[in-house]
>>> print(open('start_16.txt').read())   # compact mmCIF, C-alpha atoms and all ligand atoms
# COMPACT_ATOMS: atom_id res chain seq x y z
CA MET V 82 45.03 28.10 57.53
CA SER V 83 48.21 29.38 55.94
CA SER V 84 49.48 25.85 55.51
CA SER V 85 46.23 24.88 53.72
CA LEU V 86 46.77 27.75 51.33
CA ALA V 87 50.41 26.82 50.89
CA LYS V 88 49.36 23.26 50.06
CA LEU V 89 46.97 24.55 47.42
CA ARG V 90 49.26 27.19 46.01
CA MET V 91 50.07 27.20 42.34
CA SER V 92 53.00 25.09 41.48
CA PRO V 93 53.55 23.83 37.97
CA ASP V 94 54.25 20.28 39.10
CA LEU V 95 51.07 19.70 41.09
CA PHE V 96 48.71 22.31 39.84
CA SER V 97 46.15 21.62 37.17
CA PHE V 98 44.21 24.78 36.47
CA ARG V 99 40.85 23.08 35.94
CA ASP V 100 41.09 20.17 38.36
CA PRO V 101 37.61 19.70 39.95
CA LYS V 102 39.11 17.96 43.00
CA ARG V 103 41.34 20.91 43.74
CA ALA V 104 38.44 23.29 43.06
CA LYS V 105 36.47 21.50 45.81
CA GLU V 106 39.43 21.81 48.15
CA PHE V 107 39.56 25.53 47.37
CA ALA V 108 35.82 25.80 48.08
CA GLN V 109 36.38 24.28 51.53
CA LEU V 110 39.29 26.62 52.13
CA LEU V 111 37.20 29.63 51.08
CA SER V 112 34.52 28.59 53.60
CA ARG V 113 37.10 28.40 56.35
CA LEU V 114 38.58 31.80 55.42
CA ALA V 115 35.31 33.73 54.90
CA PRO V 116 34.63 36.35 57.56
CA ALA V 117 31.32 36.09 59.40
CA ARG V 118 29.86 39.07 57.57
CA PRO V 119 28.85 39.87 54.00
CA VAL V 120 31.82 40.45 51.69
CA LYS V 121 31.75 42.23 48.36
CA ILE V 122 34.70 41.53 46.06
CA VAL V 123 34.87 43.42 42.78
CA HIS V 124 36.88 42.33 39.80
CA VAL V 125 37.25 44.69 36.86
CA CYS V 126 37.78 42.35 33.98
CA GLY V 127 35.45 40.78 31.42
CA THR V 128 37.69 37.73 31.14
CA HIS V 129 37.42 37.14 34.89
CA GLU V 130 33.64 37.39 34.57
CA ILE V 131 33.69 34.79 31.80
CA THR V 132 35.85 32.39 33.86
CA ILE V 133 33.71 32.85 36.97
CA THR V 134 30.41 32.41 35.14
CA GLU V 135 31.41 29.75 32.63
CA HIS V 136 32.90 27.52 35.33
CA GLY V 137 30.18 28.17 37.91
CA LEU V 138 32.63 29.51 40.47
CA ARG V 139 29.98 31.58 42.27
CA SER V 140 28.34 28.31 43.30
CA LEU V 141 31.55 27.47 45.21
CA LEU V 142 31.61 30.72 47.18
CA PRO V 143 30.67 30.72 50.85
CA GLU V 144 27.32 32.23 51.79
CA GLY V 145 27.66 36.01 52.05
CA VAL V 146 30.65 36.32 49.70
CA GLU V 147 29.78 37.92 46.39
CA VAL V 148 32.00 38.70 43.42
CA LEU V 149 30.81 41.37 40.98
CA GLU V 150 32.22 42.62 37.70
CA GLY V 151 32.27 46.41 38.06
CA PRO V 152 33.65 48.50 35.17
CA GLY V 153 35.64 45.69 33.58
CA CYS V 154 34.19 45.71 30.09
CA PRO V 155 35.97 48.35 27.99
CA VAL V 156 33.20 48.59 25.44
CA CYS V 157 30.57 49.07 28.16
CA VAL V 158 32.38 52.00 29.77
CA THR V 159 33.15 53.81 26.51
CA SER V 160 31.39 57.13 26.79
CA THR V 161 28.53 58.00 24.48
CA VAL V 162 30.34 61.32 23.96
CA ASP V 163 33.23 59.49 22.26
CA LEU V 164 30.93 57.03 20.51
CA ASP V 165 28.79 59.84 19.11
CA VAL V 166 31.94 61.54 17.76
CA ALA V 167 32.92 58.27 16.04
CA VAL V 168 29.44 57.99 14.51
CA LYS V 169 29.60 61.62 13.35
CA LEU V 170 33.02 61.19 11.74
CA ALA V 171 31.77 58.10 9.92
CA GLN V 172 28.70 59.98 8.73
CA GLU V 173 30.93 62.78 7.47
CA GLY V 174 32.83 60.41 5.19
CA VAL V 175 35.88 58.99 6.98
CA ILE V 176 36.52 55.26 7.05
CA LEU V 177 35.89 54.51 10.72
CA CYS V 178 37.70 51.42 11.99
CA THR V 179 37.09 49.84 15.39
CA PHE V 180 36.86 46.55 17.25
CA GLY V 181 33.87 44.31 16.52
CA ASP V 182 32.47 44.58 20.05
CA MET V 183 32.07 48.33 19.61
CA MET V 184 29.82 48.09 16.56
CA ARG V 185 26.47 47.46 18.27
CA VAL V 186 26.93 49.59 21.38
CA PRO V 187 24.06 52.10 21.45
CA GLY V 188 25.12 55.74 21.07
CA THR V 189 22.87 58.66 21.91
CA GLU V 190 21.10 58.26 18.58
CA LEU V 191 22.86 55.56 16.59
CA SER V 192 25.30 52.71 17.02
CA LEU V 193 28.17 52.38 14.56
CA GLU V 194 26.40 49.40 13.03
CA GLU V 195 23.28 51.51 12.46
CA ALA V 196 25.42 54.29 10.97
CA ARG V 197 26.91 51.70 8.62
CA ALA V 198 23.43 50.50 7.65
CA GLN V 199 22.69 54.11 6.67
CA GLY V 200 25.71 54.21 4.36
CA ALA V 201 28.66 55.19 6.57
CA ASP V 202 31.93 53.32 5.94
CA VAL V 203 32.50 51.57 9.27
CA ARG V 204 34.89 48.63 9.35
CA MET V 205 35.79 46.06 11.99
CA VAL V 206 39.49 45.56 12.65
CA LEU V 207 41.43 43.39 15.08
CA SER V 208 44.12 45.95 15.90
CA ALA V 209 45.33 49.50 15.36
CA ALA V 210 47.87 48.09 12.91
CA ASP V 211 45.00 46.71 10.79
CA ALA V 212 43.50 50.21 10.67
CA VAL V 213 46.83 51.60 9.44
CA GLU V 214 46.72 48.99 6.69
CA VAL V 215 43.26 50.26 5.70
CA ALA V 216 44.74 53.79 5.51
CA ARG V 217 47.63 52.60 3.34
CA THR V 218 45.29 50.85 0.91
CA ASN V 219 42.95 53.87 0.78
CA PRO V 220 45.38 56.81 0.41
CA THR V 221 42.70 59.22 -0.82
CA ARG V 222 40.42 58.63 2.18
CA GLU V 223 40.74 59.69 5.82
CA VAL V 224 40.85 56.65 8.12
CA VAL V 225 40.09 57.00 11.84
CA PHE V 226 40.78 54.23 14.34
CA PHE V 227 38.32 54.46 17.26
CA ALA V 228 40.61 53.16 20.01
CA VAL V 229 38.90 51.70 23.08
CA GLY V 230 40.24 49.53 25.85
CA PHE V 231 42.40 49.59 28.94
CA GLU V 232 46.16 49.42 29.49
CA THR V 233 46.20 46.07 27.68
CA THR V 234 45.19 47.40 24.28
CA ALA V 235 46.58 50.94 24.55
CA PRO V 236 50.25 49.93 23.93
CA GLY V 237 49.24 48.57 20.50
CA THR V 238 47.73 51.94 19.63
CA ALA V 239 50.81 53.72 21.00
CA ALA V 240 53.16 51.57 18.92
CA VAL V 241 51.24 52.44 15.76
CA LEU V 242 51.18 56.17 16.56
CA LEU V 243 54.94 56.16 17.18
CA ASP V 244 55.71 54.33 13.94
CA SER V 245 55.05 57.24 11.54
CA PRO V 246 51.62 56.19 10.32
CA PRO V 247 50.38 57.60 6.97
CA PRO V 248 49.01 61.17 7.01
CA ASN V 249 45.47 60.01 6.20
CA PHE V 250 45.39 57.95 9.42
CA SER V 251 44.34 59.21 12.86
CA VAL V 252 43.19 57.87 16.21
CA LEU V 253 40.14 58.79 18.26
CA SER V 254 41.42 57.74 21.67
CA SER V 255 38.96 56.48 24.26
CA HIS V 256 41.58 54.41 26.10
CA LYS V 257 41.14 54.19 29.85
CA LEU V 258 43.20 53.35 32.91
CA ILE V 259 42.11 50.88 35.58
CA PRO V 260 43.69 52.07 38.89
CA PRO V 261 41.85 55.45 38.87
CA ALA V 262 38.59 53.56 38.30
CA LEU V 263 39.26 51.47 41.43
CA SER V 264 39.75 54.70 43.40
CA ALA V 265 36.53 56.12 41.97
CA LEU V 266 34.59 53.02 43.06
CA MET V 267 36.02 53.31 46.58
CA GLN V 268 34.76 56.89 46.75
CA LEU V 269 31.13 55.93 46.06
CA PRO V 270 29.40 56.29 49.42
CA ASP V 271 26.73 53.66 48.77
CA VAL V 272 28.94 50.93 47.27
CA LYS V 273 30.88 49.26 50.01
CA ILE V 274 33.68 47.26 48.43
CA ASP V 275 35.77 44.94 50.61
CA ALA V 276 38.43 43.92 48.09
CA PHE V 277 39.48 43.96 44.45
CA LEU V 278 40.44 41.01 42.29
CA ALA V 279 42.75 42.88 39.90
CA PRO V 280 42.81 42.02 36.22
CA GLY V 281 45.65 39.79 35.05
CA HIS V 282 45.91 41.19 31.52
CA VAL V 283 46.08 44.83 32.57
CA SER V 284 48.50 43.90 35.34
CA THR V 285 50.98 42.35 32.90
CA ILE V 286 51.40 45.90 31.56
CA ILE V 287 51.15 48.10 34.66
CA GLY V 288 52.55 45.60 37.19
CA SER V 289 51.13 44.61 40.56
CA ASP V 290 52.86 47.56 42.28
CA ALA V 291 50.54 49.93 40.40
CA TYR V 292 47.73 49.04 42.83
CA ARG V 293 49.65 49.98 45.98
CA PRO V 294 48.27 53.56 46.15
CA VAL V 295 44.69 52.24 46.01
CA ALA V 296 45.32 49.52 48.62
CA GLU V 297 47.07 51.94 50.96
CA ARG V 298 44.78 54.94 50.54
CA TYR V 299 41.52 53.01 50.93
CA HIS V 300 42.83 50.17 53.08
CA VAL V 301 41.46 47.61 50.64
CA PRO V 302 43.08 44.31 49.63
CA VAL V 303 43.98 44.05 45.94
CA VAL V 304 44.98 40.64 44.58
CA VAL V 305 46.05 40.14 40.96
CA GLY V 306 44.50 36.99 39.53
CA GLY V 307 44.91 34.86 36.43
CA PHE V 308 42.13 33.50 34.27
CA GLU V 309 41.88 29.77 34.82
CA PRO V 310 39.23 28.65 37.34
CA LEU V 311 41.81 27.70 39.96
CA ASP V 312 43.70 30.97 39.35
CA VAL V 313 40.55 32.82 40.35
CA LEU V 314 39.84 30.60 43.37
CA TYR V 315 43.43 30.99 44.54
CA ALA V 316 43.20 34.81 44.24
CA LEU V 317 39.89 34.78 46.14
CA ALA V 318 41.48 32.68 48.89
CA LEU V 319 44.27 35.26 49.23
CA ILE V 320 41.65 38.02 49.44
CA LEU V 321 39.61 36.25 52.12
CA ARG V 322 42.77 35.48 54.09
CA GLN V 323 43.69 39.20 54.03
CA LEU V 324 40.20 40.14 55.20
CA LYS V 325 40.30 37.56 57.97
CA GLU V 326 43.70 38.84 59.11
CA GLY V 327 42.71 42.51 58.79
CA ARG V 328 45.34 43.21 56.14
CA ALA V 329 44.94 45.40 53.06
CA GLU V 330 47.84 44.70 50.74
CA VAL V 331 48.63 44.07 47.11
CA GLU V 332 49.31 40.40 46.42
CA ASN V 333 50.13 38.76 43.15
CA ALA V 334 48.41 35.43 42.52
CA TYR V 335 49.42 35.45 38.86
CA LYS V 336 53.19 35.44 39.12
CA ARG V 337 53.67 33.36 36.00
CA ALA V 338 52.58 36.40 33.94
CA VAL V 339 52.67 39.52 36.13
CA ARG V 340 55.75 41.20 37.57
CA PRO V 341 55.68 43.89 40.26
CA GLU V 342 57.01 46.48 37.80
CA GLY V 343 54.96 45.26 34.81
CA ASN V 344 56.07 45.59 31.22
CA THR V 345 58.31 48.64 31.25
CA ARG V 346 58.71 48.71 27.46
CA ALA V 347 54.93 48.92 27.00
CA GLN V 348 54.75 51.61 29.71
CA GLU V 349 57.40 53.60 27.81
CA LEU V 350 55.34 53.41 24.64
CA LEU V 351 52.28 54.64 26.52
CA SER V 352 54.11 57.62 28.01
CA GLN V 353 55.62 58.57 24.63
CA ALA V 354 52.29 58.49 22.78
CA PHE V 355 49.79 59.61 25.41
CA GLU V 356 49.18 62.09 28.20
CA VAL V 357 47.05 61.10 31.16
CA SER V 358 43.78 63.04 31.21
CA ALA V 359 40.36 63.00 32.79
CA ALA V 360 37.97 60.64 31.01
CA ARG V 361 34.27 60.05 31.01
CA TRP V 362 33.16 56.49 31.79
CA ARG V 363 29.70 55.56 30.57
CA GLY V 364 27.25 55.29 33.43
CA ILE V 365 29.87 56.32 35.97
CA GLY V 366 30.91 59.87 35.13
CA THR V 367 34.21 61.67 34.71
CA ILE V 368 37.15 60.11 36.56
CA PRO V 369 40.26 62.29 36.94
CA GLY V 370 43.48 60.83 35.52
CA SER V 371 41.71 57.83 34.01
CA GLY V 372 42.09 58.53 30.29
CA LEU V 373 44.82 58.61 27.65
CA ARG V 374 44.80 61.50 25.21
CA ILE V 375 47.25 61.66 22.36
CA CYS V 376 50.23 63.82 23.23
CA GLU V 377 50.92 67.18 21.57
CA GLY V 378 53.82 65.87 19.49
CA LEU V 379 51.52 63.39 17.73
CA ALA V 380 48.73 65.92 17.11
CA PRO V 381 48.60 65.27 13.33
CA TRP V 382 47.34 61.76 14.13
CA ASP V 383 44.85 62.83 16.79
CA ALA V 384 41.37 62.68 15.23
CA THR V 385 39.98 65.04 17.88
CA ARG V 386 42.43 67.80 16.90
CA LYS V 387 42.43 66.93 13.19
CA PHE V 388 38.66 67.11 12.71
CA GLY V 389 37.72 69.39 15.60
CA VAL V 390 34.62 67.31 16.30
CA GLU V 391 33.32 67.43 19.84
CA GLY V 392 30.62 65.28 21.35
CA LYS V 393 27.91 66.39 23.73
CA LEU V 394 26.73 64.44 26.71
CA GLY V 395 23.29 63.04 26.03
CA GLU V 396 21.32 60.15 27.48
CA GLU V 397 23.77 57.38 28.37
CA THR V 398 21.28 54.88 29.71
CA ALA V 399 18.01 53.68 28.21
CA PRO V 400 14.93 53.75 30.46
CA GLY V 401 14.93 50.73 32.78
CA CYS V 402 18.54 49.71 31.99
CA ARG V 403 20.65 49.07 35.12
CA CYS V 404 24.05 49.19 33.37
CA ALA V 405 25.09 52.24 35.37
CA ASP V 406 24.54 50.28 38.59
CA ILE V 407 26.15 47.09 37.26
CA LEU V 408 29.27 49.01 36.18
CA VAL V 409 29.85 50.24 39.73
CA ALA V 410 29.03 46.89 41.38
CA ARG V 411 25.77 48.21 42.83
CA ALA V 412 23.72 45.57 40.98
CA VAL V 413 24.00 42.34 39.04
CA PRO V 414 22.36 41.63 35.66
CA THR V 415 19.41 39.72 37.12
CA ASP V 416 18.49 42.83 39.14
CA CYS V 417 17.48 44.42 35.83
CA PRO V 418 13.83 43.83 34.93
CA LEU V 419 14.72 43.87 31.23
CA PHE V 420 17.37 41.13 31.49
CA GLY V 421 16.61 38.24 29.14
CA LYS V 422 13.12 39.56 28.40
CA ILE V 423 13.34 42.79 26.45
CA CYS V 424 17.14 42.91 26.51
CA THR V 425 19.06 40.01 24.91
CA PRO V 426 22.30 39.82 22.90
CA LEU V 427 20.19 39.88 19.72
CA SER V 428 18.35 42.96 20.87
CA PRO V 429 20.54 44.75 23.43
CA VAL V 430 19.16 47.72 25.33
CA GLY V 431 22.36 48.71 27.12
CA PRO V 432 26.11 48.32 26.52
CA CYS V 433 26.47 45.56 29.15
CA MET V 434 24.47 43.22 26.87
CA VAL V 435 26.53 44.08 23.77
CA GLY V 436 30.18 43.62 24.61
CA SER V 437 31.25 39.98 24.84
CA GLU V 438 32.80 40.91 28.21
CA GLY V 439 29.76 42.81 29.47
CA ALA V 440 28.23 41.31 32.62
CA CYS V 441 24.73 41.01 31.13
CA SER V 442 26.01 39.38 27.97
CA VAL V 443 28.15 36.88 29.92
CA TRP V 444 25.34 36.02 32.36
CA TYR V 445 22.90 35.58 29.47
CA ARG V 446 25.28 33.22 27.64
CA TYR V 447 25.77 31.00 30.69
CA GLY V 448 22.26 30.72 32.08
CA GLY V 449 21.64 34.03 33.83
CA ARG V 450 21.49 32.78 37.40
CA PRO V 451 23.07 34.78 40.23
CA ARG V 452 24.96 31.94 41.96
CA LEU V 453 26.03 30.12 38.81
S1 LIG O 501 19.97 43.53 30.90
FE1 LIG O 501 20.10 45.07 29.29
S2 LIG O 501 18.87 46.75 29.98
FE2 LIG O 501 19.35 45.48 31.76
S3 LIG O 501 21.20 46.33 32.62
FE3 LIG O 501 21.82 44.75 31.22
S4 LIG O 501 22.19 45.85 29.30
FE4 LIG O 501 20.98 47.23 30.59
>>> encode(input="start_16.txt", output="structure tokens", more="lines below")
Ligand code: SF4
Amino acid sequence: MSSSLAKLRMSPDLFSFRDPKRAKEFAQLLSRLAPARPVKIVHVCGTHEITITEHGLRSLLPEGVEVLEGPGCPVCVTSTVDLDVAVKLAQEGVILCTFGDMMRVPGTELSLEEARAQGADVRMVLSAADAVEVARTNPTREVVFFAVGFETTAPGTAAVLLDSPPPNFSVLSSHKLIPPALSALMQLPDVKIDAFLAPGHVSTIIGSDAYRPVAERYHVPVVVGGFEPLDVLYALALILRQLKEGRAEVENAYKRAVRPEGNTRAQELLSQAFEVSAARWRGIGTIPGSGLRICEGLAPWDATRKFGVEGKLGEETAPGCRCADILVARAVPTDCPLFGKICTPLSPVGPCMVGSEGACSVWYRYGGRPRL
């Protein structure tokens, strides 16, 4: 078994990341490694979901092995409390800048796109640095960057905050951290998770060692995976091998990009600009230590302190929408009666159909079948 895995391991000279022949070999290996019981593997990354769905990897999984997305779409888990504050600031006259995926996410009453249709100045940007540029070119206006995303995008926001941005610029931080979310999922009594496929992008920043506390505390295998089809199959093979051997360790199947210690320079930026805080995840609830609030020393650029606007928790989920279950790996998009009928990317009911990395949106784009 180990020698089969060794033969299939990634090596630049014999590994082609999309080779169908090797994918079939991996499928056979997965069948041999799969325990004789149902297995639920959760990844927490929209890009993994796209790879898995686009390349039909679920059709290669052994019977009884399922791989679900969980809270891997940053836009989907952004709390309505934060989103409503962003809408309110835009309505009160600031230039509100954010990523394109955030525009159509339903808030309690309005999305940012709807606020813009009513006259608010809401602009799409590609980065925090772009929002600073908007502030520099509009010195008489307040410009707020609504910052969403995990450890991958947060260093960009930190770098901007630490680079003396103009006084008319501020950040509404809704950045979130992945390892506390994994712990929160393990604490849900009705969601039995056997293993995590950890996100490659986030892991380049935090390092594979960052998952050790989760693996040890909950005795759950965590394997960091890359984003090519064979990257994912290789990571799944490592997971199934751990389960078969009764191990629960952190393994790195994406060594060409992820180091055990991660990107220490990016981590430094994060610790200089932010403090770890509790954060509310849409559909999940408040997770201790899972958010990044702007540190005291950078208060002049913290939109929350600058404008003193606070959001209230309202309805997070529309009637019938199963996003809250999908985000904790309790359901898949086709379990939702609205999927593809009332809820489509053109007319999204919940956040999972809006974000390009949301499970519903990805499944809809690639056919919407559970084993595809
Ligand atoms: S299909 Fe739409 S309504 Fe159903 S869970 Fe997904 S986003 Fe919510």
>>> closest_residue(input="start_16.txt", among="V:Val186, V:Leu243, V:Leu142, V:Ala318", to="Ala210 (chain V)", atoms="only C-alpha atoms")
V:Leu243
>>> residues_around(input="start_16.txt", residues="Leu394 (chain V)", least_positions_apart="4", cutoff="9 Å", atoms="only C-alpha atoms", output="ChimeraX atom specification")
/V:160-162,189
>>> atom_distance(input="start_16.txt", atom1="CA of Trp444 (chain V)", atom2="CA of Gly372 (chain V)")
28.1 Å
>>> residues_near_ligand(input="start_16.txt", ligand="ligand LIG 501 (chain O)", cutoff="9 Å", atoms="only C-alpha atoms and all ligand atoms", output="ChimeraX atom specification")
/V:398-407,412-426,428-435,439-442,445
>>> closest_residue(input="start_16.txt", among="V:Ala171, V:Val313, V:Leu193, V:Ala201", to="Leu111 (chain V)", atoms="all atoms listed in the file")
V:Val313
>>> closest_residue(input="start_16.txt", among="V:Val225, V:Leu114, V:Leu266, V:Val252", to="Lys325 (chain V)", atoms="only C-alpha atoms")
V:Leu114
>>> closest_residue(input="start_16.txt", among="V:Pro101, V:Gly188, V:Pro280, V:Pro302", to="Cys154 (chain V)", atoms="all atoms listed in the file")
V:Pro280
>>> closest_residue(input="start_16.txt", among="V:Ala410, V:Ala279, V:Ile368, V:Val156", to="Val331 (chain V)", atoms="all atoms listed in the file")
V:Ala279
>>> closest_residue(input="start_16.txt", among="V:Ala240, V:Val120, V:Leu263, V:Ala329", to="Gly370 (chain V)", atoms="all atoms listed in the file")
V:Leu263
>>> residues_around(input="start_16.txt", residues="Phe226 (chain V)", least_positions_apart="5", cutoff="8 Å", atoms="all atoms listed in the file", output="PyMOL selection string")
chain V and resi 177-179+209+212+250-253
>>> residues_around(input="start_16.txt", residues="Asp312 (chain V)", least_positions_apart="3", cutoff="9 Å", atoms="all atoms listed in the file", output="mmCIF file with C-alpha atoms, keeping the file's coordinate frame")
data_model
loop_
_atom_site.group_PDB
_atom_site.id
_atom_site.type_symbol
_atom_site.label_atom_id
_atom_site.label_comp_id
_atom_site.auth_asym_id
_atom_site.auth_seq_id
_atom_site.Cartn_x
_atom_site.Cartn_y
_atom_site.Cartn_z
ATOM 1 C CA MET V 91 50.070 27.200 42.340
ATOM 2 C CA PHE V 98 44.210 24.780 36.470
ATOM 3 C CA GLY V 306 44.500 36.990 39.530
ATOM 4 C CA GLY V 307 44.910 34.860 36.430
ATOM 5 C CA PHE V 308 42.130 33.500 34.270
ATOM 6 C CA GLU V 309 41.880 29.770 34.820
ATOM 7 C CA TYR V 315 43.430 30.990 44.540
ATOM 8 C CA ALA V 316 43.200 34.810 44.240
ATOM 9 C CA LEU V 317 39.890 34.780 46.140
ATOM 10 C CA ALA V 334 48.410 35.430 42.520
ATOM 11 C CA TYR V 335 49.420 35.450 38.860
#
